[in-house]
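The structure appears right after this line, and notes come after that.
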Amino acid sequence: MPPAASPRPESTASSASLLAERSTAPSGDPVFVAQGVTRVFRSGATEVHALRGIDLELYAGEFVVLLGPSGSGKSTLLNILGGLDVPTSGSVRFRDHDLTTWDDAALTHYRREHVGFVFQFYNLMPTLTARENVAVVTDIARDPMSPEEALRRVGLGEHLDRFPAELSGGEQQRVAIARSIAKRPDVLLCDEPTGALDVKTGITVLEVIERLNRELGTTTVIITHNAVIAAMADRVITLSDGRIASHQRNPARASAASLVW
Ligand SMILES: Nc1ncnc2c1ncn2[C@@H]1O[C@H](COP(=O)(O)OP(=O)(O)O)[C@@H](O)[C@H]1O
Ligand SMILES: [Mg+2]
C-alpha cells in the first residue's frame with residue numbers, strides 16, 4: 001500500500017462519483033505505485049534526464065495508454081515497471097515489493113514470473129515454429145497455459161506449426177503476444193506494439209490485446225504516440241519531457257475495432 005499521504009490521481013473526485021467510477025473501472029489496491037521516479041542516463045560528461053519525477057499508480061485489470069512524443073520517456077518508464085531497468089532515484093512498488101531494492105537475479109525472476117513484454121519488433125526465433133516460440137517461455141514458467149491455448153487466444157490456433165517467415169507481420173506480433181501472456185503475467189507491457197504494422201493489421205493486434213485484458217484480467221499498458229489509440233484505455237497518461245503532462249480517465253472504452261486513423 002502507498003502511504004496515506006500519497007494523493008491518488010482521482011482524489012479530486014467526490015467520494016460518490018469515485019464509487020460510481022470504481023464500479024465500472026478496475027479497483028482494489030494498486031499493482032504498481034511509482035513515486036518520484038527519475039532516470040538519468042550518463043555517457044561521459046553528458047546527462048540525459050529521461051524521467052524527471054514520475055508518480056503513478058496502476059490498478060489490477062486496468063488498461064492504460066501511455067502517450068507522448070518520441071523521447072518523452074515512455075520506454076524508459078515501461079522498462080522500469082517491467083524490471084528491465086532501474087530508476088536513478090525514487091521507488092517502484094509491485095504489490096508488496098520495492099523493485100528498486102532488488103538485485104539482478106530478483107529482477108530476472110520478477111520478469112519471468114510476472115511480466116509480459118511486447119515490443120514493436122517481435123523478436124521471434126526464426127528457426128522455431130509459433131508453438132515452439134511460445135514453448136520457450138512456457139517451459140520455464142511456474143503455471144503457464146499451454147502454447148496451444150495461448151496461440152488460440154490470439155487467433156492463431158490454425159498456425160501452430162508455422163515458422164515466423166510463413167506468417168504476416170500482424171501474425172508474428174500475435175505470436176509474440178501469445179508468448180508474453182502464456183505465463184499468465186500480472187502485467188502486460190506493450191511498447192509501440194503496432195508501430196511496425198499497417199492500420200488494419202494494427203487494429204487486429206489491438207483487438208487481441210483488448211480481448212486478453214478483458215478475458216484474463218491482465219493489467220495492460222500500451223505505449224503509443226498515436227493519440228487515437230488512447231480511446232481504448234480506461235486511463236490515459238501523457239508524458240512530456242520526462243514528466244506526466246496530463247492524466248485522464250475515459251468515461252468508456254472505445255473498442256479497437258471502432259478506431260480510425
Ligand atoms: N540507454 C540509454 N542511454 C542514453 N540515453 C537514453 C537511453 N535510453 C533512453 N535514452 C534517452 O532518454 C530519453 C527518453 O527516451 P525513451 O524513454 O526511449 O523515450 P520514448 O520511448 O518516449 O521515445 C531520450 O532522450 C533518449 O535518447
Ligand atoms: Mg520508446
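Convention: chains lettered A, B, ... in C-alpha cells order; per-chain residue numbering from 1; ligands numbered from 1 as shown.
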Within 9 Å of segment 232-244 of chain A using only C-alpha atoms, minus same-chain residues under 6 positions, as a short mmCIF file (atom, residue, chain, number, x, y, z; two decimals) with C-alpha atoms, in the first residue's frame:
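out_3.cif was written with the following content:
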data_model
loop_
_atom_site.label_atom_id
_atom_site.label_comp_id
_atom_site.auth_asym_id
_atom_site.auth_seq_id
_atom_site.Cartn_x
_atom_site.Cartn_y
_atom_site.Cartn_z
CA ALA A 25 -13.26 0.64 -13.66
CA PRO A 26 -10.79 -1.77 -12.06
CA THR A 38 13.82 9.66 -12.10
CA ARG A 39 16.19 8.13 -14.62
CA HIS A 49 17.18 13.23 -17.87
CA ALA A 50 14.78 10.67 -19.34
CA LEU A 51 12.41 10.73 -16.35
CA ARG A 52 12.15 13.74 -14.06
CA GLY A 53 9.92 12.62 -11.22
CA ILE A 54 7.08 10.25 -12.09
CA ASP A 55 4.27 9.44 -9.65
CA LEU A 56 1.95 6.76 -10.91
CA GLU A 62 -6.64 -1.71 -15.87
CA PHE A 63 -5.99 -0.82 -19.49
CA VAL A 64 -3.68 2.19 -19.58
CA VAL A 65 -2.34 4.02 -22.60
CA LEU A 66 0.94 5.86 -22.18
CA LEU A 67 1.05 8.64 -24.74
CA GLY A 68 3.73 11.12 -25.66
CA PRO A 69 6.14 12.24 -28.35
CA GLY A 71 11.94 10.94 -26.47
CA SER A 72 9.43 11.82 -23.74
CA GLY A 73 10.46 8.86 -21.56
CA LYS A 74 7.73 6.31 -22.32
CA LEU A 77 9.19 4.21 -17.71
CA LEU A 206 -5.06 -4.10 -30.63
CA GLU A 210 -8.08 -5.69 -25.68
CA VAL A 221 -0.07 -0.77 -20.51
CA ILE A 222 0.32 0.24 -24.14
CA ASN A 250 -12.06 7.81 -20.29
CA PRO A 251 -15.77 7.62 -19.41
CA ALA A 252 -15.98 4.49 -21.58
CA ARG A 253 -13.52 2.40 -23.52
CA ALA A 254 -13.75 2.51 -27.30
CA SER A 255 -13.37 -0.87 -28.95
CA ALA A 256 -10.24 -1.36 -31.01
CA LEU A 259 -10.72 3.12 -34.11
#
Original post:
Could you pull the residues within 12 Å of Glu132 of chain A, counting only C-alpha atoms, minus those fewer than 6 positions along the same chain, as a PyMOL selection string?
Top reply: chain A and resi 124-126+138-139+146-148+150-151+159-164+175-176+178-179
**OP:** Give the alpha helix (DSSP H) residues of segment 24-222 of chain A, as DSSP finds them on the backbone, and put them as an NGL selection string.
**Re:** :A and (24 or 74-81 or 104-114 or 130-138 or 147-153 or 169-181 or 199-216)
Could you write those residues out with C-alpha atoms, as a short mmCIF file (atom, residue, chain, number, x, y, z; two decimals), in the first residue's frame?
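Contents of again18.cif, as written:
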data_model
loop_
_atom_site.label_atom_id
_atom_site.label_comp_id
_atom_site.auth_asym_id
_atom_site.auth_seq_id
_atom_site.Cartn_x
_atom_site.Cartn_y
_atom_site.Cartn_z
CA THR A 24 -17.04 0.42 -14.00
CA LYS A 74 7.73 6.31 -22.32
CA SER A 75 10.01 3.33 -22.97
CA THR A 76 12.22 4.21 -20.02
CA LEU A 77 9.19 4.21 -17.71
CA LEU A 78 7.85 0.94 -19.11
CA ASN A 79 11.26 -0.72 -18.80
CA ILE A 80 11.48 0.33 -15.17
CA LEU A 81 7.99 -1.03 -14.41
CA ASP A 104 19.65 -8.62 -11.00
CA ALA A 105 18.65 -12.16 -10.03
CA ALA A 106 15.50 -10.95 -8.28
CA LEU A 107 14.59 -8.71 -11.22
CA THR A 108 15.09 -11.60 -13.64
CA HIS A 109 12.82 -13.76 -11.53
CA TYR A 110 10.26 -10.96 -11.39
CA ARG A 111 10.27 -10.54 -15.17
CA ARG A 112 10.00 -14.26 -15.74
CA GLU A 113 7.07 -14.80 -13.38
CA HIS A 114 5.10 -11.59 -13.50
CA ALA A 130 4.89 -20.50 -33.48
CA ARG A 131 4.22 -23.23 -30.93
CA GLU A 132 7.93 -23.64 -30.16
CA ASN A 133 8.42 -19.87 -29.80
CA VAL A 134 5.73 -19.83 -27.13
CA ALA A 135 7.08 -23.01 -25.50
CA VAL A 136 10.41 -21.24 -24.90
CA VAL A 137 8.54 -19.29 -22.22
CA THR A 138 6.03 -21.88 -21.01
CA PRO A 147 1.35 -22.89 -26.09
CA GLU A 148 -1.71 -24.16 -27.98
CA GLU A 149 -4.11 -22.30 -25.68
CA ALA A 150 -2.04 -19.11 -25.84
CA LEU A 151 -1.97 -19.24 -29.64
CA ARG A 152 -5.69 -19.98 -29.80
CA ARG A 153 -6.34 -16.92 -27.64
CA GLY A 169 3.75 -9.14 -39.59
CA GLY A 170 0.49 -8.99 -37.66
CA GLU A 171 0.51 -12.75 -37.14
CA GLN A 172 4.10 -12.61 -35.92
CA GLN A 173 3.14 -9.92 -33.45
CA ARG A 174 0.27 -12.13 -32.25
CA VAL A 175 2.75 -14.98 -31.67
CA ALA A 176 4.83 -12.54 -29.63
CA ILE A 177 1.70 -11.61 -27.65
CA ALA A 178 0.85 -15.29 -27.12
CA ARG A 179 4.39 -15.83 -25.86
CA SER A 180 4.09 -12.98 -23.38
CA ILE A 181 0.66 -13.92 -21.99
CA VAL A 199 -3.54 0.38 -39.85
CA LYS A 200 -5.77 -2.63 -40.48
CA THR A 201 -3.26 -5.10 -39.07
CA GLY A 202 -2.52 -2.77 -36.16
CA ILE A 203 -6.19 -2.76 -35.23
CA THR A 204 -6.30 -6.56 -35.33
CA VAL A 205 -3.38 -6.66 -32.90
CA LEU A 206 -5.06 -4.10 -30.63
CA GLU A 207 -8.25 -6.19 -30.66
CA VAL A 208 -6.22 -9.15 -29.42
CA ILE A 209 -4.65 -7.10 -26.61
CA GLU A 210 -8.08 -5.69 -25.68
CA ARG A 211 -9.61 -9.16 -25.55
CA LEU A 212 -6.80 -10.60 -23.42
CA ASN A 213 -7.13 -7.72 -20.98
CA ARG A 214 -10.84 -8.48 -20.66
CA GLU A 215 -10.62 -12.29 -20.60
CA LEU A 216 -7.53 -12.71 -18.42
#
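Nearest residue to Ser168 of chain A among A:Ala231, A:His247, A:Val48, A:Leu197 is A:Leu197, counting only C-alpha atoms.
In this structure, atom CA of Tyr59 of chain A sits 10.6 Å away from atom CA of Asp186 of chain A.
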**OP:** Once DSSP has gone over the backbone, tell me which residues of segment 99-173 of chain A are in strand (DSSP E), as number ranges by chain.
**Re:** A: 115-118
Output N, CA and C atoms for every residue in the selection just made, as an mmCIF file, in the first residue's frame.
data_model
loop_
_atom_site.group_PDB
_atom_site.id
_atom_site.type_symbol
_atom_site.label_atom_id
_atom_site.label_comp_id
_atom_site.auth_asym_id
_atom_site.auth_seq_id
_atom_site.Cartn_x
_atom_site.Cartn_y
_atom_site.Cartn_z
ATOM 1 N N VAL A 115 5.846 -10.550 -15.587
ATOM 2 C CA VAL A 115 5.771 -9.500 -16.603
ATOM 3 C C VAL A 115 5.733 -10.088 -18.000
ATOM 4 N N GLY A 116 4.793 -9.621 -18.814
ATOM 5 C CA GLY A 116 4.809 -9.923 -20.236
ATOM 6 C C GLY A 116 5.188 -8.664 -20.987
ATOM 7 N N PHE A 117 6.183 -8.777 -21.856
ATOM 8 C CA PHE A 117 6.585 -7.642 -22.686
ATOM 9 C C PHE A 117 6.194 -7.900 -24.132
ATOM 10 N N VAL A 118 5.720 -6.851 -24.804
ATOM 11 C CA VAL A 118 5.510 -6.905 -26.250
ATOM 12 C C VAL A 118 6.184 -5.673 -26.836
#
